[in-house]
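> Below is a structure I'd like to ask you about.
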Amino acid sequence: MMQFRIGTRGSPLALAQATMVRGLVIASGLVAEDAIETVIIKTSGDRIQDRSLADIGGKGLFTKEIEEALTDGRIDIAVHSLKDLPAWMPDGLGLAGVLVRADPRDALLSPVADSISALPQGARVGTSSPRRRALLLNLRPDLDIVEFRGNVGTRLAKLEAGEVQATMLAVAGMARLGMGNVPHHPVDPTEMLPAACQGAIGLEIRLDDSRALAVCDALCHLDTLNAVTAERAFLAALDGSCRTPIAALARIDGDHVVMDGLVARPDGSAIVRLSERAAVADAARLGDEMGQRIKADMPLDFFVAAELSA
């Protein structure tokens, strides 16, 4: 019997997502349950926890070793939090499917406030995300934003220990970890636009693997795919890096895709934001054109500041 190997990081959230995919593969009837194997791969991003992602090479550090295993044939499908997957993938690999998207919003976790506006003056907020940092400072320039890496459990422990007065997590990640009962306050996207593809799980395969492609076709949620296609095209147009605060959220409205996208200065002092719509068939073009328009409208120091920021 030919094995079907699912590659994933070893974090609790990554394993929860891989387990979801495994269950869906079994339900599809395309692969026998006893033929499915989960392969845990430790990535550079998991190994290095004492520096910001921007300092050690960006979010691709969460995918590099997994993609190497995929290319080498050690796994047949890679499961990613899609927001961690760079817009450009190695030759021969491709995004072949996405699961139905969960709640894309960010959540504020704080024992002292139920909203960003209610945080005390000068409150210490922990985050490793340049996007969250920039948008928080745009809303509240008085906040003290500190580097805060680690998995969800680690960050919650730091919050409970009083290292910070607040932190932010993805609502989808909390739900997938069964942590919906942990006190948190979802933030409206009009106040804090999520990371591109936040809440979506992506399935990456070798493009010449017909069996994996058939599995992805069976699991893929078309509306989510169209939405994230626009968001990833937006990222690609902006040459988005881990240092650049970029946010995007698309939704399907009938036969149209509607997307908000923005780029911010790392210090939150300025934001360029657009909202546009197009036919679903033009999702990739919409994202690309919005990215190109924002790039043309951005003051020159936006990307310079982003590249220089730590």
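By order in the structure tokens, chains are A, B, ...; within a chain, residues start at 1; ligands start at 1, following the order shown.
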I'd like the neighbourhood of region 134-139 of chain A as a CSV table (one decimal) with N, CA and C atoms, in the first residue's frame, where a residue qualifies if any of its atoms comes within 12 Å (using only C-alpha atoms), though same-chain residues fewer than 6 positions away should be ignored.


```csv
chain,number,residue,atom,x,y,z
A,106,ASP,N,-8.1,39.3,14.2
A,106,ASP,CA,-7.2,39.3,15.4
A,106,ASP,C,-8.0,39.4,16.6
A,108,LEU,N,-7.7,40.5,20.8
A,108,LEU,CA,-6.9,41.2,21.9
A,108,LEU,C,-7.1,40.3,23.2
A,115,SER,N,-10.7,46.2,24.8
A,115,SER,CA,-10.5,46.8,23.5
A,115,SER,C,-9.1,47.5,23.4
A,116,ILE,N,-8.7,47.8,22.2
A,116,ILE,CA,-7.4,48.5,22.1
A,116,ILE,C,-7.5,49.9,22.7
A,117,SER,N,-8.7,50.5,22.5
A,117,SER,CA,-8.9,51.9,23.0
A,117,SER,C,-8.9,51.9,24.5
A,118,ALA,N,-9.3,50.8,25.1
A,118,ALA,CA,-9.4,50.8,26.6
A,118,ALA,C,-8.1,50.4,27.3
A,119,LEU,N,-7.0,50.1,26.6
A,119,LEU,CA,-5.8,49.8,27.2
A,119,LEU,C,-5.2,51.0,28.0
A,122,GLY,N,0.2,54.0,27.8
A,122,GLY,CA,1.6,53.4,27.8
A,122,GLY,C,1.6,51.9,28.1
A,123,ALA,N,0.5,51.2,27.9
A,123,ALA,CA,0.4,49.8,28.2
A,123,ALA,C,1.5,49.1,27.4
A,124,ARG,N,2.0,48.0,28.0
A,124,ARG,CA,3.0,47.2,27.3
A,124,ARG,C,2.3,46.0,26.6
A,125,VAL,N,2.5,46.0,25.3
A,125,VAL,CA,1.8,45.0,24.5
A,125,VAL,C,2.8,44.1,23.8
A,126,GLY,N,2.7,42.8,23.8
A,126,GLY,CA,3.6,41.9,23.2
A,126,GLY,C,3.1,41.4,21.9
A,127,THR,N,4.0,41.5,20.9
A,127,THR,CA,3.7,40.9,19.6
A,127,THR,C,5.0,40.8,18.8
A,128,SER,N,5.1,39.8,17.9
A,128,SER,CA,6.2,39.7,17.0
A,128,SER,C,5.9,40.1,15.6
A,145,ILE,N,5.3,48.6,22.6
A,145,ILE,CA,5.2,47.4,21.9
A,145,ILE,C,6.5,46.6,22.0
A,146,VAL,N,6.5,45.4,22.5
A,146,VAL,CA,7.7,44.6,22.8
A,146,VAL,C,7.6,43.3,22.0
A,166,ALA,N,-1.0,43.1,27.5
A,166,ALA,CA,-1.9,42.6,26.5
A,166,ALA,C,-1.0,41.9,25.4
A,167,THR,N,-1.7,41.1,24.7
A,167,THR,CA,-1.1,40.5,23.5
A,167,THR,C,-2.2,40.3,22.5
A,168,MET,N,-1.8,39.8,21.3
A,168,MET,CA,-2.8,39.6,20.2
A,168,MET,C,-2.5,38.2,19.6
A,187,VAL,N,-11.1,41.8,17.2
A,187,VAL,CA,-11.0,43.2,16.8
A,187,VAL,C,-11.6,43.3,15.3
A,189,PRO,N,-12.1,44.1,11.6
A,189,PRO,CA,-11.1,44.4,10.5
A,189,PRO,C,-11.0,45.9,10.1
A,190,THR,N,-12.1,46.6,10.4
A,190,THR,CA,-12.0,48.1,10.1
A,190,THR,C,-11.0,48.8,11.0
A,191,GLU,N,-10.8,48.2,12.2
A,191,GLU,CA,-9.9,48.7,13.1
A,191,GLU,C,-8.5,48.1,13.0
A,192,MET,N,-8.4,46.8,12.8
A,192,MET,CA,-7.1,46.1,12.6
A,192,MET,C,-7.3,45.1,11.4
A,193,LEU,N,-6.9,45.4,10.3
A,193,LEU,CA,-7.0,44.5,9.1
A,193,LEU,C,-6.1,43.3,9.3
A,194,PRO,N,-6.6,42.1,9.1
A,194,PRO,CA,-5.7,40.9,9.4
A,194,PRO,C,-4.6,40.8,8.4
A,195,ALA,N,-3.7,39.9,8.7
A,195,ALA,CA,-2.7,39.5,7.7
A,195,ALA,C,-3.3,38.8,6.6
A,243,ARG,N,9.3,42.1,7.1
A,243,ARG,CA,9.6,43.4,7.7
A,243,ARG,C,8.5,44.4,7.4
A,244,THR,N,7.8,44.2,6.3
A,244,THR,CA,6.9,45.2,5.8
A,244,THR,C,5.5,44.9,6.4
A,245,PRO,N,4.9,45.9,7.1
A,245,PRO,CA,3.6,45.8,7.6
A,245,PRO,C,2.5,45.8,6.5
A,246,ILE,N,2.0,44.7,6.1
A,246,ILE,CA,1.0,44.5,5.0
A,246,ILE,C,-0.2,43.8,5.6
A,247,ALA,N,-1.3,44.2,5.2
A,247,ALA,CA,-2.6,43.5,5.6
A,247,ALA,C,-3.5,43.4,4.4
A,262,LEU,N,-3.8,47.1,2.8
A,262,LEU,CA,-3.0,48.3,3.2
A,262,LEU,C,-1.5,47.9,3.4
A,263,VAL,N,-0.8,49.0,3.4
A,263,VAL,CA,0.7,49.0,3.8
A,263,VAL,C,0.9,50.1,4.8
A,264,ALA,N,1.6,49.8,5.9
A,264,ALA,CA,1.9,50.8,6.9
A,264,ALA,C,3.3,51.1,7.1
A,265,ARG,N,3.7,52.3,7.6
A,265,ARG,CA,5.0,52.5,8.1
A,265,ARG,C,5.2,51.6,9.4
A,266,PRO,N,6.4,51.1,9.6
A,266,PRO,CA,6.6,50.2,10.8
A,266,PRO,C,6.2,50.9,12.1
A,267,ASP,N,6.4,52.2,12.2
A,267,ASP,CA,6.1,52.9,13.4
A,267,ASP,C,4.6,53.3,13.5
A,268,GLY,N,3.8,52.9,12.5
A,268,GLY,CA,2.4,53.2,12.5
A,268,GLY,C,2.1,54.7,12.2
A,269,SER,N,3.0,55.5,11.8
A,269,SER,CA,2.8,56.9,11.6
A,269,SER,C,2.0,57.2,10.3
A,270,ALA,N,1.9,56.3,9.4
A,270,ALA,CA,1.1,56.5,8.2
A,270,ALA,C,0.7,55.2,7.6
A,271,ILE,N,-0.5,55.2,6.9
A,271,ILE,CA,-1.0,54.0,6.3
A,271,ILE,C,-1.6,54.4,4.9
A,272,VAL,N,-1.3,53.5,3.9
A,272,VAL,CA,-2.0,53.6,2.7
A,272,VAL,C,-2.9,52.4,2.5
A,273,ARG,N,-4.2,52.7,2.3
A,273,ARG,CA,-5.2,51.7,2.3
A,273,ARG,C,-6.2,51.8,1.1
A,302,PHE,N,8.3,54.3,2.8
A,302,PHE,CA,7.6,53.2,3.4
A,302,PHE,C,8.4,51.9,3.4
A,305,ALA,N,11.8,52.3,5.2
A,305,ALA,CA,11.7,52.2,6.7
A,305,ALA,C,11.4,50.7,7.1
A,306,ALA,N,10.7,50.0,6.3
A,306,ALA,CA,10.4,48.7,6.6
A,306,ALA,C,11.6,47.8,6.6
A,309,SER,N,13.8,48.5,9.7
A,309,SER,CA,13.3,48.3,11.0
A,309,SER,C,13.7,47.0,11.5
```

> I need the residues in region 66-175 of chain A that are strand (DSSP E) according to DSSP; give them as an MDAnalysis selection string.

chainID A and resid 77:81 93:98 106:109 124:126 144:146 166:170

> Those same residues - N, CA and C atoms - I'd like them written as an mmCIF file, in the first residue's frame.


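The result, stored in again.cif:
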```
data_model
loop_
_atom_site.group_PDB
_atom_site.id
_atom_site.type_symbol
_atom_site.label_atom_id
_atom_site.label_comp_id
_atom_site.auth_asym_id
_atom_site.auth_seq_id
_atom_site.Cartn_x
_atom_site.Cartn_y
_atom_site.Cartn_z
ATOM 1 N N ILE A 77 2.252 15.966 0.830
ATOM 2 C CA ILE A 77 1.464 17.195 0.925
ATOM 3 C C ILE A 77 1.946 17.953 2.153
ATOM 4 N N ALA A 78 2.051 19.255 2.041
ATOM 5 C CA ALA A 78 2.468 20.089 3.167
ATOM 6 C C ALA A 78 1.276 20.915 3.631
ATOM 7 N N VAL A 79 1.069 20.936 4.936
ATOM 8 C CA VAL A 79 -0.026 21.708 5.524
ATOM 9 C C VAL A 79 0.557 22.964 6.152
ATOM 10 N N HIS A 80 0.058 24.109 5.727
ATOM 11 C CA HIS A 80 0.580 25.391 6.218
ATOM 12 C C HIS A 80 -0.546 26.271 6.750
ATOM 13 N N SER A 81 -0.254 27.047 7.796
ATOM 14 C CA SER A 81 -1.048 28.251 8.025
ATOM 15 C C SER A 81 -0.729 29.145 6.835
ATOM 16 N N LEU A 93 6.709 23.246 -7.060
ATOM 17 C CA LEU A 93 5.745 23.192 -5.964
ATOM 18 C C LEU A 93 4.648 24.225 -6.201
ATOM 19 N N GLY A 94 3.481 23.965 -5.653
ATOM 20 C CA GLY A 94 2.399 24.928 -5.806
ATOM 21 C C GLY A 94 1.327 24.749 -4.757
ATOM 22 N N LEU A 95 0.562 25.819 -4.552
ATOM 23 C CA LEU A 95 -0.587 25.783 -3.652
ATOM 24 C C LEU A 95 -1.739 25.134 -4.416
ATOM 25 N N ALA A 96 -2.145 23.933 -3.993
ATOM 26 C CA ALA A 96 -3.137 23.165 -4.750
ATOM 27 C C ALA A 96 -4.517 23.184 -4.116
ATOM 28 N N GLY A 97 -4.635 23.685 -2.903
ATOM 29 C CA GLY A 97 -5.941 23.729 -2.270
ATOM 30 C C GLY A 97 -5.902 24.475 -0.957
ATOM 31 N N VAL A 98 -7.067 24.941 -0.530
ATOM 32 C CA VAL A 98 -7.209 25.584 0.784
ATOM 33 C C VAL A 98 -8.501 25.069 1.423
ATOM 34 N N ASP A 106 -8.100 39.265 14.212
ATOM 35 C CA ASP A 106 -7.189 39.254 15.350
ATOM 36 C C ASP A 106 -8.014 39.353 16.629
ATOM 37 N N ALA A 107 -7.416 38.883 17.726
ATOM 38 C CA ALA A 107 -8.067 39.000 19.029
ATOM 39 C C ALA A 107 -7.122 39.677 20.004
ATOM 40 N N LEU A 108 -7.669 40.547 20.816
ATOM 41 C CA LEU A 108 -6.922 41.159 21.913
ATOM 42 C C LEU A 108 -7.118 40.317 23.160
ATOM 43 N N LEU A 109 -6.012 39.970 23.799
ATOM 44 C CA LEU A 109 -6.057 39.250 25.081
ATOM 45 C C LEU A 109 -5.411 40.142 26.126
ATOM 46 N N ARG A 124 2.026 48.003 27.989
ATOM 47 C CA ARG A 124 3.024 47.159 27.346
ATOM 48 C C ARG A 124 2.286 46.025 26.618
ATOM 49 N N VAL A 125 2.480 45.960 25.293
ATOM 50 C CA VAL A 125 1.787 44.972 24.469
ATOM 51 C C VAL A 125 2.822 44.117 23.753
ATOM 52 N N GLY A 126 2.671 42.798 23.844
ATOM 53 C CA GLY A 126 3.632 41.895 23.236
ATOM 54 C C GLY A 126 3.150 41.369 21.892
ATOM 55 N N ASP A 144 3.548 50.699 24.392
ATOM 56 C CA ASP A 144 4.920 50.177 24.411
ATOM 57 C C ASP A 144 4.872 48.775 23.818
ATOM 58 N N ILE A 145 5.283 48.637 22.552
ATOM 59 C CA ILE A 145 5.200 47.352 21.854
ATOM 60 C C ILE A 145 6.524 46.615 22.005
ATOM 61 N N VAL A 146 6.455 45.382 22.524
ATOM 62 C CA VAL A 146 7.668 44.600 22.774
ATOM 63 C C VAL A 146 7.618 43.291 21.980
ATOM 64 N N ALA A 166 -0.998 43.086 27.543
ATOM 65 C CA ALA A 166 -1.868 42.591 26.477
ATOM 66 C C ALA A 166 -1.024 41.921 25.406
ATOM 67 N N THR A 167 -1.661 41.052 24.661
ATOM 68 C CA THR A 167 -1.053 40.486 23.460
ATOM 69 C C THR A 167 -2.168 40.257 22.454
ATOM 70 N N MET A 168 -1.791 39.826 21.255
ATOM 71 C CA MET A 168 -2.781 39.564 20.217
ATOM 72 C C MET A 168 -2.522 38.194 19.595
ATOM 73 N N LEU A 169 -3.603 37.487 19.294
ATOM 74 C CA LEU A 169 -3.541 36.191 18.637
ATOM 75 C C LEU A 169 -4.601 36.157 17.543
ATOM 76 N N ALA A 170 -4.469 35.193 16.640
ATOM 77 C CA ALA A 170 -5.501 34.998 15.626
ATOM 78 C C ALA A 170 -6.672 34.242 16.243
#
```

> Between A:Glu65, A:Leu143, A:Asp72, A:Ile201, which is the closest to Leu225 (chain A) once you count only C-alpha atoms?

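For Leu225 (chain A), the nearest of the candidates is A:Ile201.
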
> Wanna dump the region 127-176 of chain A-region 10-15 of chain A contacts at 8 Å for me, each residue with its shortest atom pair and the distance in Å to one decimal, counting only C-alpha atoms, ordered by chain and number, as CSV?


```
residue,atom,partner,partner_atom,distance
A:Asn151,CA,A:Ser11,CA,7.0
A:Gly173,CA,A:Leu13,CA,6.6
A:Arg176,CA,A:Leu13,CA,7.0
```
